[in-house]
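Content type mmCIF, C-alpha atoms, from the file my_file.cif:
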data_run
#
loop_
_atom_site.group_PDB
_atom_site.id
_atom_site.type_symbol
_atom_site.label_atom_id
_atom_site.label_comp_id
_atom_site.auth_asym_id
_atom_site.auth_seq_id
_atom_site.Cartn_x
_atom_site.Cartn_y
_atom_site.Cartn_z
ATOM 1 C CA PRO T 977 -68.863 -11.152 -17.653
ATOM 2 C CA ILE T 978 -68.884 -9.248 -14.378
ATOM 3 C CA ALA T 979 -66.357 -11.580 -12.764
ATOM 4 C CA ALA T 980 -64.108 -11.009 -15.790
ATOM 5 C CA TRP T 981 -64.592 -7.254 -15.520
ATOM 6 C CA VAL T 982 -63.633 -7.224 -11.857
ATOM 7 C CA TRP T 983 -60.910 -9.869 -11.602
ATOM 8 C CA GLY T 984 -60.058 -11.028 -15.117
ATOM 9 C CA GLY T 985 -58.539 -7.930 -16.660
ATOM 10 C CA GLY T 986 -61.773 -6.188 -17.662
ATOM 11 C CA TRP T 987 -62.670 -2.529 -17.603
ATOM 12 C CA ILE T 988 -63.474 -2.405 -13.890
ATOM 13 C CA MET T 989 -60.126 -3.913 -12.977
ATOM 14 C CA HIS T 990 -58.384 -1.158 -14.975
ATOM 15 C CA LEU T 991 -60.838 1.652 -14.258
ATOM 16 C CA GLY T 992 -58.473 3.532 -11.942
ATOM 17 C CA ALA T 993 -55.701 3.500 -14.527
ATOM 18 C CA MET T 994 -58.075 4.591 -17.285
ATOM 19 C CA LEU T 995 -59.376 7.534 -15.284
ATOM 20 C CA PHE T 996 -56.294 8.684 -13.400
ATOM 21 C CA GLY T 997 -53.306 7.161 -15.196
ATOM 22 C CA LYS T 998 -51.329 3.965 -14.794
ATOM 23 C CA ASP T 999 -49.040 5.566 -12.212
ATOM 24 C CA SER T 1000 -51.892 6.752 -9.978
ATOM 25 C CA GLY T 1001 -51.992 3.534 -7.957
ATOM 26 C CA ILE T 1002 -55.778 3.740 -7.861
ATOM 27 C CA GLU T 1003 -57.397 0.336 -8.365
ATOM 28 C CA PHE T 1004 -60.950 -0.811 -7.873
ATOM 29 C CA ILE T 1005 -61.328 -2.861 -4.682
ATOM 30 C CA ASP T 1006 -63.634 -5.856 -4.452
ATOM 31 C CA TYR T 1007 -61.894 -8.578 -2.501
ATOM 32 C CA ALA T 1008 -64.481 -11.358 -2.636
ATOM 33 C CA GLY T 1009 -67.551 -10.252 -4.564
ATOM 34 C CA GLY T 1010 -69.394 -7.131 -3.423
ATOM 35 C CA THR T 1011 -70.029 -6.311 -7.079
ATOM 36 C CA ALA T 1012 -69.533 -9.626 -8.888
ATOM 37 C CA VAL T 1013 -71.727 -11.528 -6.425
ATOM 38 C CA HIS T 1014 -73.992 -9.318 -4.346
ATOM 39 C CA ILE T 1015 -74.783 -6.228 -6.439
ATOM 40 C CA ASN T 1016 -74.960 -8.536 -9.448
ATOM 41 C CA ALA T 1017 -77.435 -10.893 -7.776
ATOM 42 C CA GLY T 1018 -79.451 -8.137 -6.124
ATOM 43 C CA ALA T 1019 -79.961 -6.168 -9.330
ATOM 44 C CA ALA T 1020 -80.927 -9.328 -11.222
ATOM 45 C CA ALA T 1021 -83.342 -10.294 -8.463
ATOM 46 C CA PHE T 1022 -84.991 -6.879 -8.640
ATOM 47 C CA ALA T 1023 -85.482 -7.206 -12.398
ATOM 48 C CA LEU T 1024 -86.879 -10.722 -12.173
ATOM 49 C CA ALA T 1025 -89.185 -9.804 -9.291
ATOM 50 C CA LEU T 1026 -90.684 -7.100 -11.499
ATOM 51 C CA VAL T 1027 -91.198 -9.568 -14.361
ATOM 52 C CA LEU T 1028 -92.568 -12.331 -12.150
ATOM 53 C CA GLY T 1029 -95.015 -10.091 -10.314
ATOM 54 C CA LYS T 1030 -96.454 -10.351 -6.835
ATOM 55 C CA ARG T 1031 -97.856 -13.373 -5.089
ATOM 56 C CA ILE T 1032 -101.571 -13.567 -4.457
ATOM 57 C CA GLY T 1033 -102.323 -11.649 -1.296
ATOM 58 C CA PHE T 1034 -98.929 -9.940 -1.190
ATOM 59 C CA GLN T 1035 -98.876 -7.444 1.660
ATOM 60 C CA LYS T 1036 -96.871 -6.600 4.732
ATOM 61 C CA GLY T 1037 -96.946 -9.551 7.099
ATOM 62 C CA ILE T 1038 -97.357 -12.200 4.389
ATOM 63 C CA GLN T 1039 -93.888 -13.585 5.052
ATOM 64 C CA LYS T 1040 -93.746 -15.679 8.190
ATOM 65 C CA PRO T 1041 -90.635 -17.629 9.176
ATOM 66 C CA HIS T 1042 -90.990 -21.215 8.052
ATOM 67 C CA ASN T 1043 -88.988 -22.536 10.997
ATOM 68 C CA VAL T 1044 -87.074 -20.180 13.273
ATOM 69 C CA PRO T 1045 -84.602 -22.760 14.692
ATOM 70 C CA LEU T 1046 -83.731 -23.932 11.175
ATOM 71 C CA THR T 1047 -83.374 -20.309 10.077
ATOM 72 C CA LEU T 1048 -80.843 -19.692 12.831
ATOM 73 C CA LEU T 1049 -79.028 -22.921 12.038
ATOM 74 C CA GLY T 1050 -78.839 -21.938 8.382
ATOM 75 C CA ALA T 1051 -77.533 -18.487 9.263
ATOM 76 C CA ALA T 1052 -74.875 -20.024 11.507
ATOM 77 C CA LEU T 1053 -73.749 -22.373 8.738
ATOM 78 C CA LEU T 1054 -73.655 -19.475 6.300
ATOM 79 C CA TRP T 1055 -71.623 -17.371 8.712
ATOM 80 C CA PHE T 1056 -69.144 -20.219 9.205
ATOM 81 C CA GLY T 1057 -68.907 -20.837 5.481
ATOM 82 C CA TRP T 1058 -68.213 -17.164 4.802
ATOM 83 C CA PHE T 1059 -64.726 -17.604 6.231
ATOM 84 C CA GLY T 1060 -64.089 -20.140 3.477
ATOM 85 C CA PHE T 1061 -64.164 -17.612 0.668
ATOM 86 C CA ASN T 1062 -62.968 -14.553 2.585
ATOM 87 C CA ALA T 1063 -60.101 -15.919 4.658
ATOM 88 C CA GLY T 1064 -59.858 -19.073 2.547
ATOM 89 C CA ALA T 1065 -59.296 -17.186 -0.687
ATOM 90 C CA GLN T 1066 -56.428 -15.279 0.900
ATOM 91 C CA TRP T 1067 -54.888 -18.450 2.304
ATOM 92 C CA THR T 1068 -54.976 -20.306 -1.004
ATOM 93 C CA THR T 1069 -53.407 -17.459 -2.998
ATOM 94 C CA LYS T 1070 -51.078 -15.667 -0.600
ATOM 95 C CA GLY T 1071 -50.591 -17.995 2.332
ATOM 96 C CA MET T 1072 -51.308 -16.850 5.867
ATOM 97 C CA ASP T 1073 -50.376 -13.225 5.251
ATOM 98 C CA GLY T 1074 -53.469 -11.129 5.983
ATOM 99 C CA VAL T 1075 -55.695 -14.050 6.986
ATOM 100 C CA GLY T 1076 -55.971 -12.827 10.576
ATOM 101 C CA LEU T 1077 -57.208 -9.374 9.568
ATOM 102 C CA ILE T 1078 -59.713 -10.820 7.104
ATOM 103 C CA THR T 1079 -61.032 -13.274 9.686
ATOM 104 C CA ILE T 1080 -61.455 -10.615 12.381
ATOM 105 C CA ASN T 1081 -63.141 -8.221 9.955
ATOM 106 C CA THR T 1082 -65.504 -10.899 8.661
ATOM 107 C CA PHE T 1083 -66.530 -11.977 12.140
ATOM 108 C CA GLY T 1084 -66.782 -8.456 13.523
ATOM 109 C CA ALA T 1085 -68.847 -7.031 10.678
ATOM 110 C CA ALA T 1086 -71.378 -9.860 10.965
ATOM 111 C CA ALA T 1087 -71.690 -9.384 14.732
ATOM 112 C CA ALA T 1088 -72.073 -5.632 14.321
ATOM 113 C CA GLY T 1089 -74.654 -6.239 11.596
ATOM 114 C CA ILE T 1090 -76.768 -8.101 14.137
ATOM 115 C CA LEU T 1091 -76.636 -5.148 16.514
ATOM 116 C CA GLY T 1092 -77.508 -2.649 13.787
ATOM 117 C CA TRP T 1093 -80.484 -4.677 12.583
ATOM 118 C CA ILE T 1094 -82.031 -5.462 15.962
ATOM 119 C CA LEU T 1095 -81.581 -1.840 17.052
ATOM 120 C CA ILE T 1096 -83.797 -0.753 14.164
ATOM 121 C CA GLU T 1097 -86.259 -3.536 15.002
ATOM 122 C CA ARG T 1098 -86.388 -2.403 18.610
ATOM 123 C CA ILE T 1099 -86.942 1.226 17.649
ATOM 124 C CA ARG T 1100 -89.624 0.460 15.072
ATOM 125 C CA GLY T 1101 -91.503 -2.405 16.672
ATOM 126 C CA GLY T 1102 -90.396 -2.549 20.280
ATOM 127 C CA LYS T 1103 -88.906 -6.051 19.957
ATOM 128 C CA ALA T 1104 -85.699 -7.510 18.594
ATOM 129 C CA THR T 1105 -86.256 -10.841 16.813
ATOM 130 C CA SER T 1106 -84.018 -13.833 16.248
ATOM 131 C CA VAL T 1107 -84.820 -13.848 12.526
ATOM 132 C CA GLY T 1108 -83.828 -10.187 12.448
ATOM 133 C CA ALA T 1109 -80.544 -11.069 14.110
ATOM 134 C CA ALA T 1110 -79.903 -13.707 11.439
ATOM 135 C CA SER T 1111 -80.693 -11.175 8.721
ATOM 136 C CA GLY T 1112 -78.383 -8.634 10.343
ATOM 137 C CA ALA T 1113 -75.526 -11.128 10.350
ATOM 138 C CA VAL T 1114 -76.035 -11.754 6.639
ATOM 139 C CA ALA T 1115 -76.148 -8.003 5.968
ATOM 140 C CA GLY T 1116 -72.832 -7.530 7.751
ATOM 141 C CA LEU T 1117 -71.288 -10.457 5.878
ATOM 142 C CA VAL T 1118 -72.454 -9.119 2.534
ATOM 143 C CA ALA T 1119 -70.997 -5.679 3.221
ATOM 144 C CA ILE T 1120 -67.624 -6.944 4.433
ATOM 145 C CA THR T 1121 -67.192 -9.256 1.433
ATOM 146 C CA PRO T 1122 -65.602 -6.630 -0.847
ATOM 147 C CA ALA T 1123 -63.837 -4.877 2.007
ATOM 148 C CA CYS T 1124 -62.464 -7.525 4.361
ATOM 149 C CA ALA T 1125 -58.809 -7.134 3.337
ATOM 150 C CA ASN T 1126 -58.796 -3.336 3.131
ATOM 151 C CA LEU T 1127 -60.266 -2.101 6.408
ATOM 152 C CA THR T 1128 -58.958 -1.912 9.936
ATOM 153 C CA PRO T 1129 -61.168 -3.793 12.442
ATOM 154 C CA GLY T 1130 -62.723 -0.623 13.813
ATOM 155 C CA TRP T 1131 -63.942 0.502 10.409
ATOM 156 C CA ALA T 1132 -65.179 -3.048 9.728
ATOM 157 C CA LEU T 1133 -67.320 -2.912 12.878
ATOM 158 C CA LEU T 1134 -68.780 0.420 11.803
ATOM 159 C CA LEU T 1135 -69.505 -0.955 8.350
ATOM 160 C CA GLY T 1136 -71.341 -3.952 9.795
ATOM 161 C CA ALA T 1137 -73.470 -1.864 12.158
ATOM 162 C CA LEU T 1138 -74.293 0.688 9.466
ATOM 163 C CA THR T 1139 -75.231 -1.969 6.926
ATOM 164 C CA GLY T 1140 -77.344 -3.925 9.401
ATOM 165 C CA ALA T 1141 -79.340 -0.805 10.221
ATOM 166 C CA VAL T 1142 -79.743 0.359 6.614
ATOM 167 C CA CYS T 1143 -80.703 -3.101 5.337
ATOM 168 C CA ALA T 1144 -83.292 -3.449 8.110
ATOM 169 C CA LEU T 1145 -84.928 -0.369 6.621
ATOM 170 C CA ALA T 1146 -84.290 -1.333 2.995
ATOM 171 C CA VAL T 1147 -86.172 -4.642 3.181
ATOM 172 C CA GLU T 1148 -89.361 -2.632 3.700
ATOM 173 C CA LEU T 1149 -88.973 -0.970 0.292
ATOM 174 C CA LYS T 1150 -90.745 -3.849 -1.424
ATOM 175 C CA PHE T 1151 -93.989 -2.898 0.317
ATOM 176 C CA HIS T 1152 -93.630 0.749 -0.655
ATOM 177 C CA LEU T 1153 -92.499 0.138 -4.246
ATOM 178 C CA GLY T 1154 -94.686 -2.917 -4.853
ATOM 179 C CA PHE T 1155 -92.249 -5.655 -5.838
ATOM 180 C CA ASP T 1156 -92.374 -9.096 -4.231
ATOM 181 C CA ASP T 1157 -88.890 -10.092 -3.059
ATOM 182 C CA SER T 1158 -89.608 -13.086 -0.860
ATOM 183 C CA LEU T 1159 -85.995 -13.626 0.253
ATOM 184 C CA ASP T 1160 -85.064 -9.915 0.536
ATOM 185 C CA VAL T 1161 -82.268 -10.260 -2.001
ATOM 186 C CA VAL T 1162 -82.673 -6.616 -2.989
ATOM 187 C CA GLY T 1163 -82.768 -5.280 0.569
ATOM 188 C CA LEU T 1164 -79.873 -7.434 1.776
ATOM 189 C CA HIS T 1165 -77.570 -8.253 -1.114
ATOM 190 C CA LEU T 1166 -78.024 -5.307 -3.466
ATOM 191 C CA VAL T 1167 -78.087 -2.689 -0.730
ATOM 192 C CA GLY T 1168 -75.482 -4.420 1.450
ATOM 193 C CA GLY T 1169 -73.125 -5.057 -1.440
ATOM 194 C CA PHE T 1170 -73.444 -1.472 -2.616
ATOM 195 C CA ILE T 1171 -72.750 -0.077 0.845
ATOM 196 C CA GLY T 1172 -69.706 -2.307 1.350
ATOM 197 C CA THR T 1173 -68.233 -1.406 -2.021
ATOM 198 C CA ILE T 1174 -68.804 2.345 -1.734
ATOM 199 C CA TYR T 1175 -67.651 2.375 1.902
ATOM 200 C CA LEU T 1176 -64.133 1.544 0.720
ATOM 201 C CA GLY T 1177 -63.994 4.884 -1.062
ATOM 202 C CA PHE T 1178 -64.226 6.544 2.335
ATOM 203 C CA PHE T 1179 -62.365 4.191 4.679
ATOM 204 C CA ALA T 1180 -60.095 1.801 2.749
ATOM 205 C CA THR T 1181 -56.784 1.634 4.612
ATOM 206 C CA GLY T 1182 -54.444 4.309 3.281
ATOM 207 C CA GLN T 1183 -56.651 5.046 0.274
ATOM 208 C CA GLY T 1184 -60.075 6.155 1.468
ATOM 209 C CA LEU T 1185 -61.184 9.750 1.575
ATOM 210 C CA PHE T 1186 -60.961 9.798 5.385
ATOM 211 C CA THR T 1187 -58.012 7.427 5.762
ATOM 212 C CA GLY T 1188 -55.203 9.146 3.904
ATOM 213 C CA GLY T 1189 -56.494 9.140 0.338
ATOM 214 C CA ASP T 1190 -58.649 11.400 -1.805
ATOM 215 C CA LEU T 1191 -61.787 11.266 -3.925
ATOM 216 C CA ARG T 1192 -60.305 9.145 -6.696
ATOM 217 C CA LEU T 1193 -60.947 5.748 -5.126
ATOM 218 C CA LEU T 1194 -64.493 6.773 -4.244
ATOM 219 C CA VAL T 1195 -65.121 7.752 -7.873
ATOM 220 C CA VAL T 1196 -63.845 4.374 -9.071
ATOM 221 C CA GLN T 1197 -65.943 2.446 -6.533
ATOM 222 C CA VAL T 1198 -69.122 4.343 -7.411
ATOM 223 C CA LEU T 1199 -68.719 4.027 -11.181
ATOM 224 C CA ALA T 1200 -67.938 0.330 -11.037
ATOM 225 C CA SER T 1201 -70.826 -0.422 -8.673
ATOM 226 C CA GLY T 1202 -73.244 1.569 -10.787
ATOM 227 C CA GLY T 1203 -72.068 -0.117 -13.978
ATOM 228 C CA VAL T 1204 -72.571 -3.585 -12.526
ATOM 229 C CA LEU T 1205 -75.994 -2.662 -11.172
ATOM 230 C CA VAL T 1206 -77.243 -1.345 -14.518
ATOM 231 C CA TYR T 1207 -75.769 -4.196 -16.563
ATOM 232 C CA SER T 1208 -77.135 -6.948 -14.343
ATOM 233 C CA PHE T 1209 -80.573 -5.354 -14.074
ATOM 234 C CA VAL T 1210 -80.947 -4.841 -17.825
ATOM 235 C CA VAL T 1211 -79.651 -8.275 -18.845
ATOM 236 C CA ALA T 1212 -81.791 -10.084 -16.251
ATOM 237 C CA LEU T 1213 -84.831 -8.030 -17.258
ATOM 238 C CA VAL T 1214 -84.405 -8.958 -20.923
ATOM 239 C CA ILE T 1215 -83.903 -12.645 -20.124
ATOM 240 C CA GLY T 1216 -86.900 -12.632 -17.789
ATOM 241 C CA LEU T 1217 -89.166 -10.970 -20.355
ATOM 242 C CA VAL T 1218 -88.119 -13.414 -23.069
ATOM 243 C CA ILE T 1219 -88.881 -16.368 -20.792
ATOM 244 C CA ASP T 1220 -92.184 -14.827 -19.714
ATOM 245 C CA LYS T 1221 -93.331 -14.250 -23.302
ATOM 246 C CA THR T 1222 -92.298 -17.702 -24.528
ATOM 247 C CA ILE T 1223 -92.506 -20.615 -22.107
ATOM 248 C CA GLY T 1224 -93.963 -18.595 -19.237
ATOM 249 C CA PHE T 1225 -92.428 -17.589 -15.931
ATOM 250 C CA ARG T 1226 -94.889 -18.497 -13.204
ATOM 251 C CA VAL T 1227 -97.612 -20.955 -12.337
ATOM 252 C CA THR T 1228 -101.294 -20.166 -12.711
ATOM 253 C CA SER T 1229 -103.193 -18.501 -9.911
ATOM 254 C CA GLU T 1230 -105.068 -21.730 -9.263
ATOM 255 C CA ASP T 1231 -101.841 -23.713 -8.904
ATOM 256 C CA GLU T 1232 -100.359 -21.022 -6.683
ATOM 257 C CA ILE T 1233 -103.329 -21.233 -4.317
ATOM 258 C CA ALA T 1234 -103.298 -25.033 -4.312
ATOM 259 C CA GLY T 1235 -99.569 -25.092 -3.630
ATOM 260 C CA VAL T 1236 -96.716 -25.681 -6.029
ATOM 261 C CA ASP T 1237 -95.436 -28.742 -4.139
ATOM 262 C CA LEU T 1238 -98.772 -30.481 -4.538
ATOM 263 C CA VAL T 1239 -99.336 -29.421 -8.151
ATOM 264 C CA VAL T 1240 -95.847 -30.121 -9.470
ATOM 265 C CA HIS T 1241 -94.634 -32.959 -7.242
ATOM 266 C CA GLY T 1242 -97.850 -34.512 -6.034
ATOM 267 C CA GLU T 1243 -96.886 -34.164 -2.382
ATOM 268 C CA GLU T 1244 -96.927 -31.614 0.416
ATOM 269 C CA GLY T 1245 -93.994 -30.559 2.523
ATOM 270 C CA TYR T 1246 -96.048 -31.166 5.660
ATOM 271 C CA ALA T 1247 -99.026 -33.462 6.062
ATOM 272 C CA LEU T 1248 -100.641 -31.864 9.102
ATOM 273 C CA THR T 1249 -103.562 -33.670 10.700
ATOM 274 C CA SER T 1250 -105.838 -32.618 13.526
#
How would this structure read if it were set down as structure tokens?
Amino acid sequence: PIAAWVWGGGWIMHLGAMLFGKDSGIEFIDYAGGTAVHINAGAAAFALALVLGKRIGFQKGIQKPHNVPLTLLGAALLWFGWFGFNAGAQWTTKGMDGVGLITINTFGAAAAGILGWILIERIRGGKATSVGAASGAVAGLVAITPACANLTPGWALLLGALTGAVCALAVELKFHLGFDDSLDVVGLHLVGGFIGTIYLGFFATGQGLFTGGDLRLLVVQVLASGGVLVYSFVVALVIGLVIDKTIGFRVTSEDEIAGVDLVVHGEEGYALTS
């Protein structure tokens, strides 16, 4: 439904015309999925994390990187693949026109996201980590997804750095609010997608509040983002509760302690011997 709202002729696609008239030229901007992918997924993840509950022993420090080299390899593959649906989507629909700008913005925002994230790490803990750098790259990529075709490179760099820093702080919310988000989908995708979408209301080329436009685009971006967030959260929460009350939504505490791989599959990921 959200993809149809944004790109298939739904209410979000026509929100600017509904609010300000068909001749206003104001249209909601989400090039590749800031709302339909990232806010959507982040809000759903938040709802399902609340239904599922916390792991046994959940506390700050419980999450340790499984394998740092593989984490960095995965982040690099993800970064490379991001050009496929940012620049690639433009190339398949409109040819090479605009591909250069989208590519530069996608790369630059991810790089700036790294700097924003590790700066916060350095300030808070005294050390910048490689896993933090990978997370910062993802934060920058998430934020630039809706905005890659509608920002100049300088504003894209600022967006990446800002999102990397904010997301580095946002991932700590789970410890303060008490929800267990093991992959930081809320802190990265919900927050990053929201920042990238709203940012366009301020800095979209020729339309943003500070780049030749007025408040109208910002109003459209905020309303659409908020609508997607509420819809996805509520629908996911209902689905999660129905599953939880019928077939169940998590393993028993005993199985969790023993290990799901061993209980469900009869094998362990690693057979470590002394």
- the PyMOL selection byres ((chain T and resi 1203) around 12) resolved against shown file, as a PyMOL selection string: chain T and resi 978+981-982+987-988+991+1011-1012+1015-1016+1019+1170+1196-1202+1204-1210
- Query: Counting all atoms listed in the file, what is within 9 Å of range 1022-1038 of chain T, bar same-chain residues fewer than 3 positions away, as a list of chain:residue names?
  - Reply: T:Ala1017, T:Gly1018, T:Ala1019, T:Glu1148, T:Phe1151, T:Gly1154, T:Phe1155, T:Asp1156, T:Asp1157, T:Val1161, T:Val1162, T:Leu1166, T:Ser1208, T:Phe1209, T:Val1210, T:Val1211, T:Ala1212, T:Leu1213, T:Val1214, T:Ile1215, T:Gly1216, T:Leu1217, T:Asp1220, T:Phe1225, T:Arg1226, T:Ser1229, T:Glu1232, T:Ile1233
Just write the chosen residues, C-alpha atoms, as a CSV table (one decimal), keeping the file's coordinate frame.
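Written file, again26.csv:
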chain,number,residue,atom,x,y,z
T,1017,ALA,CA,-77.4,-10.9,-7.8
T,1018,GLY,CA,-79.5,-8.1,-6.1
T,1019,ALA,CA,-80.0,-6.2,-9.3
T,1148,GLU,CA,-89.4,-2.6,3.7
T,1151,PHE,CA,-94.0,-2.9,0.3
T,1154,GLY,CA,-94.7,-2.9,-4.9
T,1155,PHE,CA,-92.2,-5.7,-5.8
T,1156,ASP,CA,-92.4,-9.1,-4.2
T,1157,ASP,CA,-88.9,-10.1,-3.1
T,1161,VAL,CA,-82.3,-10.3,-2.0
T,1162,VAL,CA,-82.7,-6.6,-3.0
T,1166,LEU,CA,-78.0,-5.3,-3.5
T,1208,SER,CA,-77.1,-6.9,-14.3
T,1209,PHE,CA,-80.6,-5.4,-14.1
T,1210,VAL,CA,-80.9,-4.8,-17.8
T,1211,VAL,CA,-79.7,-8.3,-18.8
T,1212,ALA,CA,-81.8,-10.1,-16.3
T,1213,LEU,CA,-84.8,-8.0,-17.3
T,1214,VAL,CA,-84.4,-9.0,-20.9
T,1215,ILE,CA,-83.9,-12.6,-20.1
T,1216,GLY,CA,-86.9,-12.6,-17.8
T,1217,LEU,CA,-89.2,-11.0,-20.4
T,1220,ASP,CA,-92.2,-14.8,-19.7
T,1225,PHE,CA,-92.4,-17.6,-15.9
T,1226,ARG,CA,-94.9,-18.5,-13.2
T,1229,SER,CA,-103.2,-18.5,-9.9
T,1232,GLU,CA,-100.4,-21.0,-6.7
T,1233,ILE,CA,-103.3,-21.2,-4.3
- Task: Give as number ranges by chain the residues that the PyMOL selection byres ((chain T and resi 1094) around 8) matches when applied to the coordinates above.
- Result: T: 1090-1093, 1095-1098, 1103-1105, 1108-1109, 1112, 1141
- Query: So which residues touch Thr1082 in chain T within 7 Å, counting all atoms listed in the file, skipping near sequence neighbours fewer than 5 positions away, as JSON, numbers by chain?
  - Reply: {"T": [1117, 1120, 1124]}
Dump as a PDB file, keeping the file's coordinate frame, selection limited to C-alpha atoms:
ATOM      1  CA  LEU T1117     -71.288 -10.457   5.878  1.00  0.00           C
ATOM      2  CA  ILE T1120     -67.624  -6.944   4.433  1.00  0.00           C
ATOM      3  CA  CYS T1124     -62.464  -7.525   4.361  1.00  0.00           C
TER       4      CYS T1124
END
- Item | Distance of CA of His1042 in chain T from CA of Ala1119 in chain T, expressed in Å to one decimal place |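 Going from CA of Ala1119 in chain T over to CA of His1042 in chain T, I get 25.8 Å.
For the pair CA of Arg1100 in chain T and CA of Ile1174 in chain T, the separation is 26.8 Å.
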- Task: May I ask for the distance between CA of Ala1115 in chain T and CA of Gly1060 in chain T, given in Å to one decimal place?
- Result: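 Interatomic distance here is 17.3 Å.
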- Message: I need the residue nearest Ala1087 in chain T from this list: T:Ala1065, T:Leu1153, T:Leu1135, T:Leu1049. Use all atoms listed in the file for the distance.
- Response: T:Leu1135
Please provide as an mmCIF file with C-alpha atoms, keeping the file's coordinate frame all residues within 12 Å of Gly1050 in chain T, with the sequence filter that same-chain residues fewer than 3 positions apart are discarded (counting all atoms listed in the file).
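Contents of out.cif, freshly written:
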data_model
loop_
_atom_site.group_PDB
_atom_site.id
_atom_site.type_symbol
_atom_site.label_atom_id
_atom_site.label_comp_id
_atom_site.auth_asym_id
_atom_site.auth_seq_id
_atom_site.Cartn_x
_atom_site.Cartn_y
_atom_site.Cartn_z
ATOM 1 C CA ASN T 1043 -88.988 -22.536 10.997
ATOM 2 C CA VAL T 1044 -87.074 -20.180 13.273
ATOM 3 C CA PRO T 1045 -84.602 -22.760 14.692
ATOM 4 C CA LEU T 1046 -83.731 -23.932 11.175
ATOM 5 C CA THR T 1047 -83.374 -20.309 10.077
ATOM 6 C CA LEU T 1053 -73.749 -22.373 8.738
ATOM 7 C CA LEU T 1054 -73.655 -19.475 6.300
ATOM 8 C CA TRP T 1055 -71.623 -17.371 8.712
ATOM 9 C CA PHE T 1056 -69.144 -20.219 9.205
ATOM 10 C CA GLY T 1057 -68.907 -20.837 5.481
ATOM 11 C CA VAL T 1107 -84.820 -13.848 12.526
ATOM 12 C CA ALA T 1110 -79.903 -13.707 11.439
ATOM 13 C CA SER T 1111 -80.693 -11.175 8.721
ATOM 14 C CA ALA T 1113 -75.526 -11.128 10.350
ATOM 15 C CA VAL T 1114 -76.035 -11.754 6.639
#
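Of the listed residues (T:Trp983, T:Phe1083, T:Trp1067, T:Tyr1246), T:Phe1083 comes nearest to Gly1136 in chain T; the distances count all atoms listed in the file.
Considering the residues T:Leu1159, T:Val1236, T:Ile1080, T:Ala1063 and counting all atoms listed in the file, Ala1021 in chain T has its shortest atom-to-atom contact with T:Leu1159.
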- Query: Taking into account all atoms listed in the file, which residue in the set T:Pro1122, T:Phe1059, T:Lys1040, T:Leu1185 is nearest to Gly1009 in chain T?
  - Reply: T:Pro1122
- Item | Residue IDs satisfying the PyMOL selection byres ((chain T and resi 1133) around 10), as a list of chain:residue names |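 The output of the PyMOL selection byres ((chain T and resi 1133) around 10) on this file is T:Ile1080, T:Asn1081, T:Thr1082, T:Phe1083, T:Gly1084, T:Ala1085, T:Ala1086, T:Ala1087, T:Ala1088, T:Gly1089, T:Gly1116, T:Ile1120, T:Leu1127, T:Thr1128, T:Pro1129, T:Gly1130, T:Trp1131, T:Ala1132, T:Leu1134, T:Leu1135, T:Gly1136, T:Ala1137, T:Leu1138, T:Thr1139.
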- Item | Best match for closeness to Val1167 in chain T among T:Ala1051, T:Ile1002, T:Val1118, T:Ile1078, counting only C-alpha atoms |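 Among the listed residues, T:Val1118 lies closest to Val1167 in chain T.
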- Using all atoms listed in the file, the shortest atom-to-atom distance to Ala1144 in chain T among T:Phe1179, T:Ile1099, T:Gly985, T:Gly1242 belongs to T:Ile1099
